[in-house]
$ cat data39.cif   # mmCIF, C-alpha atoms
data_protein
#
loop_
_atom_site.label_atom_id
_atom_site.label_comp_id
_atom_site.auth_asym_id
_atom_site.auth_seq_id
_atom_site.Cartn_x
_atom_site.Cartn_y
_atom_site.Cartn_z
CA MET Q 1123 0.00 0.00 0.00
CA ALA Q 1124 2.80 2.39 0.91
CA ARG Q 1125 4.52 1.55 -2.37
CA HIS Q 1126 1.36 2.43 -4.38
CA ALA Q 1127 0.95 5.70 -2.43
CA ALA Q 1128 4.54 6.67 -3.14
CA ARG Q 1129 4.05 5.87 -6.83
CA ARG Q 1130 0.92 8.06 -6.96
CA SER Q 1131 2.84 10.93 -5.32
CA VAL Q 1132 5.62 10.68 -7.87
CA VAL Q 1133 3.07 10.67 -10.72
CA THR Q 1134 1.33 13.71 -9.23
CA ILE Q 1135 4.63 15.60 -9.01
CA LEU Q 1136 5.53 14.71 -12.59
CA VAL Q 1137 2.11 15.79 -13.89
CA THR Q 1138 2.36 19.07 -11.98
CA CYS Q 1139 5.82 19.72 -13.40
CA ALA Q 1140 4.57 18.95 -16.90
CA VAL Q 1141 1.69 21.41 -16.51
CA VAL Q 1142 3.99 24.16 -15.24
CA LEU Q 1143 6.64 23.59 -17.92
CA GLY Q 1144 3.99 23.31 -20.62
CA GLY Q 1145 2.32 26.62 -19.68
CA GLY Q 1146 -0.90 25.03 -18.47
CA THR Q 1147 -3.32 26.14 -15.80
CA VAL Q 1148 -0.72 28.05 -13.77
CA ALA Q 1149 0.11 30.41 -16.64
CA ARG Q 1150 -0.30 34.09 -15.73
CA ALA Q 1151 -3.78 35.38 -16.47
CA GLU Q 1152 -4.38 38.29 -18.81
CA PRO Q 1153 -4.88 41.58 -16.91
CA SER Q 1154 -8.48 42.57 -16.28
CA ALA Q 1155 -10.15 45.49 -18.05
CA ALA Q 1156 -9.86 47.58 -14.88
CA GLU Q 1157 -6.14 46.79 -14.60
CA ILE Q 1158 -5.63 47.77 -18.24
CA GLU Q 1159 -7.45 51.08 -17.74
CA LYS Q 1160 -5.29 51.77 -14.69
CA GLN Q 1161 -2.11 51.12 -16.70
CA ILE Q 1162 -3.35 53.43 -19.46
CA ASP Q 1163 -4.14 56.14 -16.91
CA VAL Q 1164 -0.63 55.92 -15.46
CA ALA Q 1165 0.97 56.07 -18.90
CA TRP Q 1166 -1.25 58.95 -19.97
CA ASN Q 1167 -0.44 60.99 -16.89
CA GLN Q 1168 3.20 60.72 -17.96
CA LEU Q 1169 2.43 61.76 -21.53
CA GLU Q 1170 0.01 64.67 -21.07
CA PRO Q 1171 2.50 66.90 -19.17
CA VAL Q 1172 4.93 66.30 -22.05
CA ILE Q 1173 2.26 67.37 -24.53
CA GLU Q 1174 1.41 70.51 -22.58
CA ARG Q 1175 5.11 71.44 -22.26
CA HIS Q 1176 5.39 70.88 -26.00
CA ASN Q 1177 2.42 73.22 -26.57
CA ALA Q 1178 4.00 75.87 -24.32
CA THR Q 1179 7.35 75.52 -26.11
CA ARG Q 1180 5.66 75.85 -29.48
CA LEU Q 1181 3.82 79.01 -28.35
CA ASP Q 1182 7.05 80.51 -27.03
CA LEU Q 1183 8.86 79.57 -30.22
CA ASP Q 1184 6.20 81.24 -32.38
CA LYS Q 1185 6.31 84.37 -30.21
CA LYS Q 1186 10.10 84.64 -30.46
CA LYS Q 1187 10.01 84.08 -34.21
CA ARG Q 1188 7.54 86.95 -34.57
CA GLN Q 1189 9.82 89.17 -32.47
CA ILE Q 1190 12.79 88.28 -34.64
CA ALA Q 1191 10.81 88.98 -37.81
CA ALA Q 1192 9.78 92.40 -36.43
CA LEU Q 1193 13.35 93.30 -35.50
CA THR Q 1194 14.66 92.10 -38.83
CA LYS Q 1195 12.10 94.28 -40.58
CA LYS Q 1196 13.41 97.28 -38.63
CA ILE Q 1197 17.05 96.42 -39.30
CA GLU Q 1198 16.69 96.03 -43.07
CA PRO Q 1199 15.96 99.72 -43.89
CA LEU Q 1200 18.74 100.81 -41.54
CA GLN Q 1201 21.17 98.65 -43.47
CA VAL Q 1202 20.00 100.33 -46.68
CA GLN Q 1203 20.64 103.74 -45.09
CA ILE Q 1204 24.11 102.60 -44.08
CA ASP Q 1205 24.85 101.37 -47.59
CA VAL Q 1206 23.67 104.68 -49.13
CA ALA Q 1207 25.61 106.77 -46.61
CA MET Q 1208 28.80 104.78 -47.18
CA ALA Q 1209 28.38 105.04 -50.93
CA ARG Q 1210 28.20 108.83 -50.62
CA VAL Q 1211 31.32 108.91 -48.46
CA GLY Q 1212 33.09 106.64 -50.91
CA GLU Q 1213 32.23 108.93 -53.80
CA PHE Q 1214 33.41 111.94 -51.82
CA ALA Q 1215 36.63 110.17 -50.91
CA ALA Q 1216 37.23 109.22 -54.53
CA GLU Q 1217 36.87 112.83 -55.60
CA GLN Q 1218 39.14 114.14 -52.84
CA TYR Q 1219 41.78 111.48 -53.05
CA LYS Q 1220 42.22 110.68 -56.70
CA GLY Q 1221 44.62 107.82 -56.97
CA GLY Q 1222 44.50 107.06 -53.23
CA ASN Q 1223 43.96 103.64 -51.64
CA LEU Q 1224 40.20 103.65 -51.96
CA SER Q 1225 39.90 99.91 -51.28
CA THR Q 1226 41.41 100.42 -47.83
CA ILE Q 1227 38.95 103.19 -47.07
CA ASN Q 1228 36.02 101.05 -48.20
CA ALA Q 1229 37.24 98.17 -46.03
CA LEU Q 1230 37.22 100.48 -43.02
CA LEU Q 1231 33.74 101.69 -43.82
CA THR Q 1232 32.21 98.23 -44.11
CA THR Q 1233 33.57 96.57 -40.96
CA GLY Q 1234 30.15 96.65 -39.23
CA SER Q 1235 31.77 96.61 -35.77
CA PRO Q 1236 30.72 99.53 -33.54
CA THR Q 1237 34.07 99.64 -31.72
CA THR Q 1238 36.31 99.57 -34.77
CA PHE Q 1239 33.94 101.88 -36.58
CA GLY Q 1240 34.37 104.49 -33.83
CA ASP Q 1241 38.15 104.20 -34.11
CA HIS Q 1242 38.01 104.61 -37.88
CA LEU Q 1243 35.96 107.79 -37.65
CA VAL Q 1244 39.11 109.68 -36.70
CA MET Q 1245 40.80 108.55 -39.92
CA LEU Q 1246 37.71 109.32 -42.02
CA ASP Q 1247 37.24 112.75 -40.49
CA GLN Q 1248 39.58 114.46 -42.94
CA PHE Q 1249 37.47 113.57 -45.98
CA ALA Q 1250 33.94 112.76 -44.66
CA ARG Q 1251 33.28 115.12 -41.75
CA ARG Q 1252 29.83 115.97 -43.00
CA SER Q 1253 28.74 112.30 -43.11
CA GLN Q 1254 30.31 110.91 -39.94
CA ALA Q 1255 27.50 111.79 -37.54
CA ASP Q 1256 24.81 110.48 -39.88
CA ILE Q 1257 26.64 107.20 -40.49
CA GLN Q 1258 27.43 106.68 -36.81
CA ALA Q 1259 23.81 107.27 -35.80
CA VAL Q 1260 22.59 104.70 -38.30
CA VAL Q 1261 25.25 102.19 -37.31
CA ASP Q 1262 24.40 102.67 -33.63
CA LEU Q 1263 20.75 101.93 -34.34
CA ARG Q 1264 21.62 98.91 -36.42
CA ASN Q 1265 23.86 97.56 -33.67
CA GLN Q 1266 21.17 98.21 -31.08
CA TYR Q 1267 18.64 96.09 -32.98
CA SER Q 1268 21.24 93.45 -33.77
CA LYS Q 1269 22.07 93.22 -30.08
CA GLN Q 1270 18.40 92.63 -29.29
CA LYS Q 1271 18.09 90.04 -32.03
CA GLU Q 1272 21.13 87.97 -31.08
CA PRO Q 1273 19.74 86.51 -27.80
CA LEU Q 1274 16.43 85.83 -29.54
CA ASP Q 1275 18.25 83.82 -32.21
CA GLN Q 1276 19.96 81.84 -29.47
CA LEU Q 1277 16.68 81.24 -27.66
CA VAL Q 1278 14.93 80.04 -30.80
CA ALA Q 1279 17.75 77.54 -31.33
CA GLN Q 1280 17.33 76.31 -27.74
CA LEU Q 1281 13.55 76.08 -28.06
CA SER Q 1282 13.84 74.16 -31.32
CA THR Q 1283 16.12 71.65 -29.60
CA THR Q 1284 13.70 71.34 -26.68
CA GLU Q 1285 10.77 70.88 -29.05
CA ALA Q 1286 12.61 68.05 -30.83
CA GLU Q 1287 13.39 66.38 -27.50
CA LEU Q 1288 9.75 66.61 -26.39
CA ALA Q 1289 8.57 65.18 -29.70
CA ALA Q 1290 10.94 62.24 -29.29
CA ARG Q 1291 9.67 61.66 -25.75
CA LYS Q 1292 6.06 61.79 -26.96
CA LYS Q 1293 6.80 59.23 -29.67
CA GLN Q 1294 8.26 56.88 -27.07
CA ILE Q 1295 5.27 57.13 -24.73
CA ASP Q 1296 2.82 56.89 -27.63
CA GLY Q 1297 4.43 53.56 -28.46
CA GLU Q 1298 3.79 52.33 -24.93
CA ILE Q 1299 0.20 53.55 -25.02
CA GLU Q 1300 -0.33 51.77 -28.34
CA LYS Q 1301 0.65 48.52 -26.63
CA LEU Q 1302 -1.84 49.22 -23.85
CA GLU Q 1303 -4.55 50.03 -26.39
CA ASP Q 1304 -3.93 46.63 -27.99
CA MET Q 1305 -4.43 45.04 -24.58
CA ARG Q 1306 -7.63 47.04 -24.16
CA LEU Q 1307 -8.97 45.76 -27.48
CA ARG Q 1308 -8.28 42.19 -26.40
CA ALA Q 1309 -10.03 42.80 -23.09
CA TYR Q 1310 -13.10 44.59 -24.41
CA GLY Q 1311 -13.32 43.29 -27.96
CA SER Q 1312 -15.28 45.70 -30.11
CA GLY Q 1313 -17.72 46.67 -27.39
CA GLY Q 1314 -16.05 49.90 -26.32
CA THR Q 1315 -14.94 50.84 -22.84
CA THR Q 1316 -16.71 53.63 -21.05
CA GLY Q 1317 -20.34 53.88 -22.03
CA ALA Q 1318 -22.18 57.10 -22.90
CA LEU Q 1319 -20.07 60.10 -23.84
CA ALA Q 1320 -22.75 62.43 -22.46
CA PRO Q 1321 -24.55 60.73 -19.55
CA VAL Q 1322 -26.54 63.93 -18.85
CA PRO Q 1323 -27.60 66.89 -21.02
CA CYS Q 1324 -24.72 69.13 -22.13
CA PRO Q 1325 -24.63 71.84 -21.03
CA TYR Q 1326 -26.24 70.78 -17.79
CA THR Q 1327 -26.91 74.44 -17.03
CA TYR Q 1328 -26.83 77.28 -19.56
CA PRO Q 1329 -25.15 80.54 -18.46
CA GLY Q 1330 -25.98 82.67 -21.50
CA GLY Q 1331 -23.69 85.34 -22.95
CA ALA Q 1332 -20.13 84.61 -24.03
CA ALA Q 1333 -19.87 81.68 -21.59
CA GLY Q 1334 -23.00 80.21 -23.14
CA THR Q 1335 -21.46 80.43 -26.62
CA ALA Q 1336 -18.26 78.77 -25.40
CA VAL Q 1337 -19.97 75.96 -23.51
CA LYS Q 1338 -22.37 75.18 -26.36
CA PHE Q 1339 -19.39 74.89 -28.72
CA ALA Q 1340 -17.54 72.57 -26.31
CA CYS Q 1341 -20.59 70.33 -25.90
CA ALA Q 1342 -21.03 70.17 -29.68
CA GLN Q 1343 -17.55 68.63 -30.01
CA ILE Q 1344 -18.46 65.55 -27.93
CA GLY Q 1345 -17.57 62.43 -29.87
CA LYS Q 1346 -14.70 63.99 -31.82
CA MET Q 1347 -11.34 62.37 -31.18
CA TYR Q 1348 -8.41 63.58 -29.13
CA GLN Q 1349 -5.42 64.65 -31.20
CA TYR Q 1350 -2.21 65.95 -29.67
CA GLY Q 1351 -1.52 69.60 -30.53
CA SER Q 1352 -4.85 70.06 -32.31
CA GLY Q 1353 -7.24 72.96 -31.87
CA GLY Q 1354 -9.93 71.74 -34.28
CA PRO Q 1355 -12.05 71.61 -36.16
CA GLY Q 1356 -12.07 67.82 -36.43
CA THR Q 1357 -9.88 66.89 -33.46
CA PHE Q 1358 -8.69 68.58 -30.26
CA ASP Q 1359 -6.37 68.17 -27.33
CA CYS Q 1360 -7.43 69.42 -23.89
CA SER Q 1361 -6.26 73.04 -24.15
CA GLY Q 1362 -7.08 73.11 -27.86
CA LEU Q 1363 -10.73 72.38 -27.05
CA THR Q 1364 -11.05 75.08 -24.40
CA SER Q 1365 -9.21 77.70 -26.47
CA ALA Q 1366 -11.35 76.94 -29.54
CA ALA Q 1367 -14.55 77.10 -27.47
CA TRP Q 1368 -13.76 80.49 -26.02
CA ALA Q 1369 -12.47 81.76 -29.37
CA LYS Q 1370 -16.02 81.11 -30.62
CA ALA Q 1371 -17.13 83.59 -27.94
CA GLY Q 1372 -14.50 86.14 -29.00
CA VAL Q 1373 -12.05 85.46 -26.17
CA SER Q 1374 -8.47 84.50 -27.06
CA LEU Q 1375 -6.76 81.88 -24.89
CA PRO Q 1376 -3.30 80.34 -25.43
CA HIS Q 1377 -3.14 76.71 -26.54
CA ASN Q 1378 -1.63 75.48 -23.27
CA ALA Q 1379 -3.31 74.52 -20.00
CA ALA Q 1380 -0.85 76.27 -17.65
CA ALA Q 1381 -0.89 79.42 -19.79
CA GLN Q 1382 -4.71 79.38 -19.74
CA ARG Q 1383 -4.62 79.25 -15.94
CA ARG Q 1384 -2.47 82.41 -15.95
CA ALA Q 1385 -4.78 84.09 -18.48
CA THR Q 1386 -8.01 83.50 -16.53
CA ASP Q 1387 -9.44 85.01 -13.36
CA ASP Q 1388 -9.56 82.92 -10.19
CA VAL Q 1389 -12.96 81.55 -9.30
CA SER Q 1390 -13.96 79.45 -6.30
CA ARG Q 1391 -15.65 76.07 -6.50
CA SER Q 1392 -18.78 77.51 -4.90
CA ASN Q 1393 -19.01 80.17 -7.64
CA LEU Q 1394 -18.40 77.87 -10.61
CA ARG Q 1395 -20.63 78.38 -13.60
CA ALA Q 1396 -20.84 76.71 -16.97
CA GLY Q 1397 -18.02 77.88 -19.24
CA ASP Q 1398 -15.43 78.17 -16.46
CA LEU Q 1399 -12.24 76.18 -16.88
CA VAL Q 1400 -11.19 73.41 -14.49
CA PHE Q 1401 -7.46 72.80 -14.19
CA TYR Q 1402 -6.02 69.50 -13.00
CA TYR Q 1403 -2.86 68.16 -11.34
CA SER Q 1404 -0.15 70.11 -9.56
CA ASP Q 1405 1.70 70.84 -12.80
CA LEU Q 1406 -1.48 72.03 -14.57
CA HIS Q 1407 -1.16 69.57 -17.44
CA HIS Q 1408 -4.88 69.12 -18.06
CA VAL Q 1409 -7.89 71.39 -18.47
CA GLY Q 1410 -11.60 70.85 -19.08
CA MET Q 1411 -14.67 73.08 -19.32
CA TYR Q 1412 -17.28 73.09 -16.59
CA VAL Q 1413 -20.80 72.55 -17.99
CA GLY Q 1414 -22.80 72.60 -14.73
CA GLY Q 1415 -24.17 69.98 -12.38
CA GLY Q 1416 -20.71 68.80 -11.34
CA TRP Q 1417 -19.77 67.81 -14.92
CA ILE Q 1418 -17.04 68.89 -17.32
CA VAL Q 1419 -16.42 68.37 -21.03
CA HIS Q 1420 -12.83 67.54 -21.90
CA ALA Q 1421 -10.54 66.06 -24.50
CA SER Q 1422 -9.01 63.39 -22.32
CA ARG Q 1423 -6.28 61.41 -24.07
CA THR Q 1424 -5.13 59.78 -27.28
CA GLY Q 1425 -7.48 57.14 -28.62
CA GLU Q 1426 -10.43 58.60 -26.70
CA PRO Q 1427 -13.27 60.84 -27.92
CA ILE Q 1428 -14.25 64.12 -26.29
CA ARG Q 1429 -16.72 63.35 -23.50
CA MET Q 1430 -18.34 64.48 -20.29
CA ARG Q 1431 -17.08 63.32 -16.92
CA LYS Q 1432 -17.54 64.21 -13.28
CA LEU Q 1433 -15.63 67.25 -12.09
CA ASP Q 1434 -13.68 65.39 -9.39
CA ALA Q 1435 -12.69 62.35 -11.46
CA ALA Q 1436 -9.08 63.64 -11.32
CA PRO Q 1437 -7.19 65.85 -8.83
CA VAL Q 1438 -8.44 69.45 -9.26
CA HIS Q 1439 -5.83 72.20 -9.08
CA SER Q 1440 -7.95 75.33 -9.49
CA PHE Q 1441 -10.65 77.08 -11.51
CA GLY Q 1442 -10.44 79.96 -13.98
CA ARG Q 1443 -12.93 82.22 -15.71
CA PRO Q 1444 -12.04 83.62 -19.15
CA GLY Q 1445 -13.27 86.92 -20.48
#
$ encode --input "data39.cif" --output "structure tokens"
Amino acid sequence: MARHAARRSVVTILVTCAVVLGGGTVARAEPSAAEIEKQIDVAWNQLEPVIERHNATRLDLDKKKRQIAALTKKIEPLQVQIDVAMARVGEFAAEQYKGGNLSTINALLTTGSPTTFGDHLVMLDQFARRSQADIQAVVDLRNQYSKQKEPLDQLVAQLSTTEAELAARKKQIDGEIEKLEDMRLRAYGSGGTTGALAPVPCPYTYPGGAAGTAVKFACAQIGKMYQYGSGGPGTFDCSGLTSAAWAKAGVSLPHNAAAQRRATDDVSRSNLRAGDLVFYYSDLHHVGMYVGGGWIVHASRTGEPIRMRKLDAAPVHSFGRPG
């Protein structure tokens, strides 16, 4: 009897080992739908701050480029004035110093350096006294604008580098999210994930005026897809949706959540009204529009449509009122 019991134990051990080695019943189960959603939330909360920094960098880059263009426009006519003034001095010098070393004089005139130019004025004084003051004034102005433009050029180069780095980071995280989305499809099949996009009427309350125009626009975008960096009309990201909605009401907001917080007036939770903006997380990387009744409309994340959700579904930072 003992021999048969021992034999059965050995067989049991062998069968168990075969099941384990063959990937049988002890294989790790697929994550549940709730676990998948949690993983996506974690990954998205890493990506959205990157997107909002990218939006801020792009806004700053555009602003600096406009400043450079404006300065360049001012510098160009000054350079023409310099060229004309130097041509006049050159002609005068040629008349006064027939056979002289005109090429040397021209070289001195076209150095472009304010320091060396000042030194050369002494030498030019004997044949261009009438033009020195005019030329120096123009050169001083040109150097003043050039001095302002130089740090802007450097900053644009830095911002462009930063923008490229952020884009690379976004691509990396998007790849991770794509993997999670594949897991979500396996978990849910084709049945979707979150139910109704608008569980209650949108707007829940109607404020009228500019806020009413903005909130009606935001509600009308429900169902359109999230797209990083987009401000419509077919897709939006979070700050793109709120800026487009308020633009419809004639109020300009920057395409960046943190910048929108700075551009809006503080409002308390108790005084919230439809059309106000709700900012999330300590770094202000997400924004939605309050539509009344404790609900917001927001463009949440890649792969998701614009939808309503409860105000406190994520950590609230503060509230802002445009206009």
$ residues_around --input "data39.cif" --residues "Q:Val1419" --least-positions-apart "5" --cutoff "12 Å" --atoms "all atoms listed in the file" --output "VMD selection string"
chain Q and resid 1319 to 1326 1336 to 1346 1359 to 1361 1363 to 1364 1367 1396 to 1400 1408 to 1414 1427 to 1433 1435
$ resolve_selection --input "data39.cif" --expression "the PyMOL selection byres ((chain Q and resi 1166-1183) around 10)" --output "ChimeraX atom specification"
/Q:1160-1165,1184-1189,1274,1277-1282,1284-1289,1291-1296,1298-1299,1350-1352,1359-1362,1376-1381,1403,1405-1408,1422-1424
$ atom_distance --input "data39.cif" --atom1 "atom CA of Q:Gly1416" --atom2 "atom CA of Q:Val1438"
12.5 Å
$ atom_distance --input "data39.cif" --atom1 "atom CA of Q:Ala1290" --atom2 "atom CA of Q:Asp1304"
21.6 Å
$ atom_distance --input "data39.cif" --atom1 "atom CA of Q:Tyr1267" --atom2 "atom CA of Q:Ala1192"
10.2 Å
$ resolve_selection --input "data39.cif" --expression "the PyMOL selection byres ((chain Q and resi 1197-1204) around 7)" --output "VMD selection string"
chain Q and resid 1193 to 1196 1205 to 1208 1257 1260 to 1261 1264 1267
$ closest_residue --input "data39.cif" --among "Q:Ala1333, Q:Pro1444, Q:Phe1358, Q:Ser1390" --to "Q:Leu1375" --atoms "all atoms listed in the file"
Q:Pro1444
$ closest_residue --input "data39.cif" --among "Q:Ala1318, Q:Ala1209, Q:Leu1302, Q:Ile1190" --to "Q:Pro1153" --atoms "only C-alpha atoms"
Q:Leu1302
$ closest_residue --input "data39.cif" --among "Q:Gly1353, Q:Gln1270, Q:Met1347, Q:Gln1276" --to "Q:Trp1368" --atoms "only C-alpha atoms"
Q:Gly1353
$ closest_residue --input "data39.cif" --among "Q:Thr1335, Q:Ser1404, Q:Ser1440, Q:Gln1266" --to "Q:Arg1391" --atoms "only C-alpha atoms"
Q:Ser1440
